[in-house]
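Q: Quick one: structure below, then a few questions.
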Amino acid sequence: MVYLQYGRNILRRSKFLNSECVLHHPLFYGGQGVRYRKLEVILTTNIDKLGKAGEIVKVAPGHFRNHLMPKLLAVPNIDKFAYLINEQRKMYQPKEVEEVKVVPKTEEDTLKEQLKAARRLENAKLVLRRYIKIDTELRSPVDKDEIISEVARQLGVHIEPENLQLPSPLSTLGEFEVPLRLPKSLPLPEGKVQWTLDVKIRKK
């Protein structure tokens with residue numbers, strides 16, 4: 001390879017065996033280097049096929065200038081931006097959730113909870129207000145589902161339909177003792193032969 005000078009132009013001469021000489025300007029190669037040199041940038045968010053937030057990647061200058069930088073998807077890889085990105089990741093990084101081990105309930109624990117709920121039902125009075133049709137007759141009778149719903153709302157106790165012995169809906173004003181069917185393992189209150197729920201229906 002030799003260099004030939006023609007006036008102010010410097011030409012590079014390449015000779016390949018018996019082929020003809022090809023002349024190229026040195027700036028042609030320099031221009032290629034500048035054109036295809038990639039920039040190191042820090043991604044501010046996850047970008048498909050490019051990288052994750054906080055990673056340093058190399059991109060074409062035009063891609064960074066025309067796409068990534070205007071949308072704040074990436075910043076130049078310099079100390080100032082690297083520090084800001086790192087602090088931002090610390091701020092918004094989700095905290096590790098402490099694993100809570102659930103201790104299974106023992107039979108004794110279950111019995112205590114059931115007894116507590118049964119005593120609450122026994123000592124409380126469920127009050128319902130209804131419109132009447134004639135004298136003490138209710139415009140709409142109170143059925144089992146309604147009592148179960150009101151027990152949950154007023155007393156905070158969840159019972160199943162099979163726990164409530166109500167052969168027919170309550171259709172008049174007054175006070176009623178509704179029998180409860182609870183586990184036999186629960187000791188009955190003193191002087192009682194069965195668990196009951198006091199229900200009082202008043203005029204609205």
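Letters A, B, ... go to the chains of the structure tokens in the order shown; residues in each chain start at 1; ligands are counted from 1 in the same order.
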Write out as a PDB file with N, CA, C and O atoms, in the first residue's frame the residues lying within 8 Å of region 80-86 of chain A, counting only C-alpha atoms and excluding same-chain residues fewer than 5 positions away.
A:
```pdb
ATOM      1  N   ILE A  42     -27.795   4.183  29.548  1.00  0.00           N
ATOM      2  CA  ILE A  42     -28.431   3.477  30.656  1.00  0.00           C
ATOM      3  C   ILE A  42     -29.932   3.493  30.410  1.00  0.00           C
ATOM      4  O   ILE A  42     -30.535   4.561  30.248  1.00  0.00           O
ATOM      5  N   THR A  44     -33.787   3.438  31.224  1.00  0.00           N
ATOM      6  CA  THR A  44     -34.603   3.851  32.367  1.00  0.00           C
ATOM      7  C   THR A  44     -35.839   2.977  32.518  1.00  0.00           C
ATOM      8  O   THR A  44     -36.569   3.087  33.495  1.00  0.00           O
ATOM      9  N   GLY A  54     -32.017   0.030  34.059  1.00  0.00           N
ATOM     10  CA  GLY A  54     -30.787   0.081  34.835  1.00  0.00           C
ATOM     11  C   GLY A  54     -29.604  -0.551  34.142  1.00  0.00           C
ATOM     12  O   GLY A  54     -28.457  -0.363  34.577  1.00  0.00           O
ATOM     13  N   VAL A  75     -30.632   7.270  29.155  1.00  0.00           N
ATOM     14  CA  VAL A  75     -29.806   8.459  29.392  1.00  0.00           C
ATOM     15  C   VAL A  75     -28.354   8.081  29.110  1.00  0.00           C
ATOM     16  O   VAL A  75     -27.999   6.910  29.154  1.00  0.00           O
TER      17      VAL A  75
END
```
Q: Can you tell me which residues surround Ala152 (chain A) at a distance of at most 12 Å, considering only C-alpha atoms, apart from same-chain residues fewer than 5 positions away, and format the answer as a PyMOL selection string?
A: chain A and resi 117+120-121+126+145-147+157-160
Q: As a PyMOL selection string, please: the residues near region 62-67 of chain A (cut-off 10 Å, only C-alpha atoms, same-chain neighbours under 2 positions excluded).
A: chain A and resi 35-36+38-41+58-60+69-76
Q: Report as number ranges by chain all protein, DNA and RNA residues lying within 10 Å of Phe176 (chain A), evaluated on only C-alpha atoms, omitting residues in the same chain fewer than 4 positions from it.
A: A: 125-126, 170, 196-201
Q: Could you tell me which of A:Pro167, A:Asp109, A:Leu50, A:Trp195 comes closest to Pro183 (chain A) if we count only C-alpha atoms?
A: A:Trp195
Q: Using DSSP on the backbone coordinates, identify all residues within region 103-135 of chain A classified as helix (DSSP H, G or I); present the result as an MDAnalysis selection string.
A: chainID A and resid 107:123
Q: Using Å and a single decimal, report how far CA of Pro169 (chain A) sits from CA of Pro141 (chain A).
A: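 CA of Pro169 (chain A) lies at a distance of 5.8 Å from CA of Pro141 (chain A).
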